[in-house]
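Text of work_24.txt (compact mmCIF, N, CA and C atoms) as supplied:
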# COMPACT_ATOMS: atom_id res chain seq x y z
N MET A 1 -35.16 -43.82 16.86
CA MET A 1 -35.58 -42.47 17.20
C MET A 1 -37.08 -42.28 16.98
N ASN A 2 -37.59 -42.78 15.84
CA ASN A 2 -39.02 -42.67 15.56
C ASN A 2 -39.85 -43.46 16.55
N LYS A 3 -39.33 -44.63 16.98
CA LYS A 3 -40.06 -45.44 17.95
C LYS A 3 -40.15 -44.73 19.30
N ILE A 4 -39.08 -44.03 19.66
CA ILE A 4 -39.08 -43.31 20.94
C ILE A 4 -40.08 -42.16 20.88
N LEU A 5 -40.10 -41.44 19.77
CA LEU A 5 -41.06 -40.34 19.61
C LEU A 5 -42.50 -40.86 19.62
N ALA A 6 -42.74 -41.98 18.97
CA ALA A 6 -44.08 -42.57 18.96
C ALA A 6 -44.48 -43.00 20.37
N LEU A 7 -43.54 -43.59 21.11
CA LEU A 7 -43.82 -44.00 22.47
C LEU A 7 -44.14 -42.79 23.35
N LEU A 8 -43.33 -41.75 23.25
CA LEU A 8 -43.57 -40.54 24.04
C LEU A 8 -44.89 -39.87 23.66
N GLY A 9 -45.21 -39.87 22.37
CA GLY A 9 -46.49 -39.31 21.92
C GLY A 9 -47.66 -40.11 22.47
N GLY A 10 -47.54 -41.43 22.46
CA GLY A 10 -48.60 -42.27 23.00
C GLY A 10 -48.77 -42.09 24.49
N VAL A 11 -47.67 -41.98 25.21
CA VAL A 11 -47.74 -41.75 26.66
C VAL A 11 -48.37 -40.39 26.94
N GLY A 12 -47.97 -39.37 26.17
CA GLY A 12 -48.54 -38.02 26.35
C GLY A 12 -50.03 -38.00 26.05
N ALA A 13 -50.45 -38.68 24.98
CA ALA A 13 -51.87 -38.72 24.64
C ALA A 13 -52.66 -39.47 25.71
N GLY A 14 -52.09 -40.53 26.24
CA GLY A 14 -52.76 -41.27 27.30
C GLY A 14 -52.89 -40.45 28.57
N ALA A 15 -51.84 -39.71 28.92
CA ALA A 15 -51.89 -38.86 30.11
C ALA A 15 -52.92 -37.75 29.93
N LEU A 16 -52.97 -37.18 28.74
CA LEU A 16 -53.94 -36.12 28.47
C LEU A 16 -55.37 -36.66 28.53
N ALA A 17 -55.58 -37.84 27.98
CA ALA A 17 -56.91 -38.45 28.04
C ALA A 17 -57.29 -38.76 29.49
N MET A 18 -56.35 -39.24 30.26
CA MET A 18 -56.62 -39.55 31.65
C MET A 18 -56.95 -38.26 32.43
N TYR A 19 -56.25 -37.18 32.11
CA TYR A 19 -56.45 -35.90 32.79
C TYR A 19 -57.86 -35.36 32.52
N TYR A 20 -58.30 -35.45 31.28
CA TYR A 20 -59.62 -34.90 30.93
C TYR A 20 -60.77 -35.87 31.16
N MET A 21 -60.50 -37.13 31.25
CA MET A 21 -61.56 -38.12 31.48
C MET A 21 -61.65 -38.54 32.94
N ASP A 22 -60.96 -37.83 33.81
CA ASP A 22 -61.01 -38.08 35.24
C ASP A 22 -62.46 -38.00 35.72
N PRO A 23 -62.98 -39.04 36.42
CA PRO A 23 -64.38 -39.02 36.83
C PRO A 23 -64.69 -37.94 37.88
N GLU A 24 -63.71 -37.50 38.63
CA GLU A 24 -63.97 -36.52 39.68
C GLU A 24 -63.90 -35.08 39.17
N ARG A 25 -62.85 -34.75 38.44
CA ARG A 25 -62.67 -33.36 38.02
C ARG A 25 -62.60 -33.18 36.51
N GLY A 26 -62.78 -34.24 35.77
CA GLY A 26 -62.69 -34.16 34.31
C GLY A 26 -63.76 -33.30 33.68
N SER A 27 -64.98 -33.37 34.20
CA SER A 27 -66.06 -32.57 33.61
C SER A 27 -65.80 -31.08 33.82
N ARG A 28 -65.23 -30.70 34.94
CA ARG A 28 -64.89 -29.30 35.19
C ARG A 28 -63.78 -28.85 34.22
N ARG A 29 -62.80 -29.69 34.05
CA ARG A 29 -61.70 -29.34 33.14
C ARG A 29 -62.20 -29.21 31.70
N ARG A 30 -63.07 -30.13 31.29
CA ARG A 30 -63.63 -30.04 29.94
C ARG A 30 -64.48 -28.79 29.78
N ALA A 31 -65.25 -28.43 30.81
CA ALA A 31 -66.06 -27.22 30.75
C ALA A 31 -65.18 -25.97 30.65
N LEU A 32 -64.07 -25.95 31.38
CA LEU A 32 -63.16 -24.81 31.29
C LEU A 32 -62.57 -24.67 29.89
N ILE A 33 -62.17 -25.79 29.30
CA ILE A 33 -61.63 -25.76 27.94
C ILE A 33 -62.70 -25.29 26.96
N ARG A 34 -63.92 -25.80 27.12
CA ARG A 34 -65.02 -25.39 26.25
C ARG A 34 -65.30 -23.89 26.36
N ASP A 35 -65.34 -23.40 27.59
CA ASP A 35 -65.59 -21.97 27.81
C ASP A 35 -64.48 -21.11 27.23
N GLN A 36 -63.24 -21.55 27.36
CA GLN A 36 -62.13 -20.80 26.79
C GLN A 36 -62.20 -20.79 25.27
N ALA A 37 -62.58 -21.91 24.68
CA ALA A 37 -62.70 -21.97 23.21
C ALA A 37 -63.83 -21.06 22.72
N ILE A 38 -64.95 -21.05 23.44
CA ILE A 38 -66.07 -20.18 23.06
C ILE A 38 -65.67 -18.72 23.21
N GLY A 39 -64.97 -18.39 24.28
CA GLY A 39 -64.51 -17.02 24.48
C GLY A 39 -63.55 -16.57 23.39
N LEU A 40 -62.63 -17.46 23.02
CA LEU A 40 -61.70 -17.13 21.93
C LEU A 40 -62.45 -16.93 20.62
N SER A 41 -63.43 -17.78 20.37
CA SER A 41 -64.23 -17.65 19.16
C SER A 41 -64.98 -16.32 19.13
N ASN A 42 -65.54 -15.92 20.26
CA ASN A 42 -66.24 -14.64 20.35
C ASN A 42 -65.29 -13.47 20.14
N ASP A 43 -64.09 -13.55 20.71
CA ASP A 43 -63.11 -12.49 20.55
C ASP A 43 -62.70 -12.34 19.08
N VAL A 44 -62.47 -13.46 18.42
CA VAL A 44 -62.09 -13.42 17.00
C VAL A 44 -63.23 -12.84 16.17
N ARG A 45 -64.45 -13.29 16.44
CA ARG A 45 -65.61 -12.79 15.70
C ARG A 45 -65.77 -11.28 15.87
N GLN A 46 -65.65 -10.80 17.11
CA GLN A 46 -65.78 -9.37 17.36
C GLN A 46 -64.66 -8.58 16.69
N GLY A 47 -63.46 -9.13 16.69
CA GLY A 47 -62.35 -8.46 16.04
C GLY A 47 -62.55 -8.35 14.54
N VAL A 48 -62.98 -9.44 13.93
CA VAL A 48 -63.21 -9.44 12.48
C VAL A 48 -64.36 -8.51 12.12
N THR A 49 -65.42 -8.54 12.92
CA THR A 49 -66.57 -7.67 12.66
C THR A 49 -66.17 -6.20 12.79
N GLY A 50 -65.40 -5.89 13.81
CA GLY A 50 -64.95 -4.51 14.00
C GLY A 50 -64.07 -4.03 12.86
N LYS A 51 -63.16 -4.89 12.42
CA LYS A 51 -62.28 -4.51 11.30
C LYS A 51 -63.09 -4.34 10.02
N ALA A 52 -64.07 -5.20 9.79
CA ALA A 52 -64.90 -5.08 8.59
C ALA A 52 -65.71 -3.79 8.63
N ARG A 53 -66.26 -3.45 9.79
CA ARG A 53 -67.02 -2.21 9.93
C ARG A 53 -66.12 -1.01 9.69
N ASP A 54 -64.90 -1.04 10.24
CA ASP A 54 -63.95 0.05 10.05
C ASP A 54 -63.61 0.21 8.57
N LEU A 55 -63.34 -0.89 7.90
CA LEU A 55 -63.01 -0.83 6.47
C LEU A 55 -64.18 -0.30 5.66
N SER A 56 -65.39 -0.72 6.00
CA SER A 56 -66.58 -0.24 5.30
C SER A 56 -66.75 1.26 5.49
N ASN A 57 -66.58 1.72 6.72
CA ASN A 57 -66.71 3.15 6.99
C ASN A 57 -65.64 3.96 6.28
N ARG A 58 -64.43 3.45 6.23
CA ARG A 58 -63.36 4.16 5.52
C ARG A 58 -63.66 4.23 4.02
N ALA A 59 -64.15 3.14 3.46
CA ALA A 59 -64.49 3.14 2.04
C ALA A 59 -65.61 4.12 1.74
N LYS A 60 -66.62 4.16 2.60
CA LYS A 60 -67.71 5.12 2.40
C LYS A 60 -67.19 6.55 2.50
N GLY A 61 -66.30 6.80 3.44
CA GLY A 61 -65.73 8.13 3.59
C GLY A 61 -64.92 8.53 2.37
N MET A 62 -64.15 7.61 1.84
CA MET A 62 -63.37 7.90 0.63
C MET A 62 -64.29 8.15 -0.56
N MET A 63 -65.38 7.40 -0.64
CA MET A 63 -66.33 7.59 -1.72
C MET A 63 -66.97 8.98 -1.64
N HIS A 64 -67.37 9.38 -0.45
CA HIS A 64 -67.97 10.71 -0.28
C HIS A 64 -66.94 11.81 -0.55
N GLU A 65 -65.71 11.58 -0.14
CA GLU A 65 -64.66 12.56 -0.38
C GLU A 65 -64.40 12.70 -1.88
N ALA A 66 -64.34 11.59 -2.59
CA ALA A 66 -64.14 11.64 -4.04
C ALA A 66 -65.31 12.31 -4.74
N LYS A 67 -66.52 12.03 -4.27
CA LYS A 67 -67.71 12.64 -4.86
C LYS A 67 -67.68 14.16 -4.65
N SER A 68 -67.26 14.60 -3.46
CA SER A 68 -67.22 16.04 -3.20
C SER A 68 -66.12 16.71 -4.02
N LEU A 69 -65.04 16.01 -4.31
CA LEU A 69 -63.98 16.60 -5.13
C LEU A 69 -64.42 16.75 -6.58
N THR A 70 -65.20 15.79 -7.07
CA THR A 70 -65.64 15.87 -8.46
C THR A 70 -66.77 16.87 -8.64
N SER A 71 -67.54 17.12 -7.59
CA SER A 71 -68.65 18.07 -7.73
C SER A 71 -68.22 19.49 -7.38
N GLY A 72 -67.00 19.66 -6.88
CA GLY A 72 -66.50 20.98 -6.55
C GLY A 72 -66.87 21.45 -5.17
N LYS A 73 -67.55 20.64 -4.40
CA LYS A 73 -67.93 21.00 -3.04
C LYS A 73 -66.94 20.37 -2.07
N SER A 74 -66.68 21.06 -0.99
CA SER A 74 -65.78 20.50 0.01
C SER A 74 -66.55 19.52 0.89
N SER A 75 -65.80 18.68 1.58
CA SER A 75 -66.46 17.70 2.44
C SER A 75 -67.00 18.36 3.69
N MET A 76 -66.46 19.50 4.11
CA MET A 76 -66.94 20.20 5.29
C MET A 76 -68.03 21.20 4.95
N GLY A 77 -68.04 21.70 3.73
CA GLY A 77 -69.06 22.63 3.31
C GLY A 77 -68.78 24.06 3.72
N THR A 78 -67.63 24.36 4.31
CA THR A 78 -67.34 25.72 4.75
C THR A 78 -66.32 26.41 3.87
N GLU A 79 -65.52 25.68 3.15
CA GLU A 79 -64.44 26.29 2.38
C GLU A 79 -64.96 27.04 1.15
N ASN A 80 -66.04 26.62 0.55
CA ASN A 80 -66.56 27.27 -0.63
C ASN A 80 -67.57 28.36 -0.32
N GLN A 81 -67.89 28.58 0.93
CA GLN A 81 -68.88 29.59 1.27
C GLN A 81 -68.35 30.99 0.99
N ALA A 82 -67.05 31.22 1.11
CA ALA A 82 -66.50 32.54 0.86
C ALA A 82 -66.58 32.90 -0.62
N GLU A 83 -66.63 31.91 -1.50
CA GLU A 83 -66.66 32.15 -2.94
C GLU A 83 -68.07 32.53 -3.42
N GLN A 84 -69.08 32.18 -2.68
CA GLN A 84 -70.45 32.45 -3.11
C GLN A 84 -70.88 33.85 -2.69
N PRO A 85 -71.45 34.64 -3.61
CA PRO A 85 -71.92 35.98 -3.24
C PRO A 85 -73.20 35.89 -2.42
N PHE A 86 -73.41 36.85 -1.55
CA PHE A 86 -74.60 36.88 -0.70
C PHE A 86 -75.70 37.61 -1.35

Could I get this file's structure written as structure tokens?
Amino acid sequence: MNKILALLGGVGAGALAMYYMDPERGSRRRALIRDQAIGLSNDVRQGVTGKARDLSNRAKGMMHEAKSLTSGKSSMGTENQAEQPF
């Protein structure tokens, strides 16, 4: 069973190498794979950057909200205006 799997793996690897090393269309196929890998890398980077920015903004918002609760001021600044005399 292991010999059959090794044989099939070797045949598959050889076919894949032949497909990508084809002198006529191999360079185009390799360029497509490269472009797809770069695009995926860019998508992942943008996703991670966006999530990090979102988390940072949420943390800053929570910090400002906590600061306003401890100082007695509201985050909007309109709720305590009725309490102050003119």

Distance in Å - atom C of Lys60 (chain A) versus CA of Gly47 (chain A): 20.8 Å

Could you give me, as a PyMOL selection string, each residue of chain A that DSSP assigns to helix (DSSP H, G or I) when run on this structure's backbone? chain A and resi 2-20+26-71+81-83

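Taking atom N of Met21 (chain A) and atom N of Ile4 (chain A) as the two end points, the separation is 25.3 Å.
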
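Atom pair CA of Ile33 (chain A) / CA of Ala17 (chain A) has a distance of 13.5 Å (rounded to one decimal).
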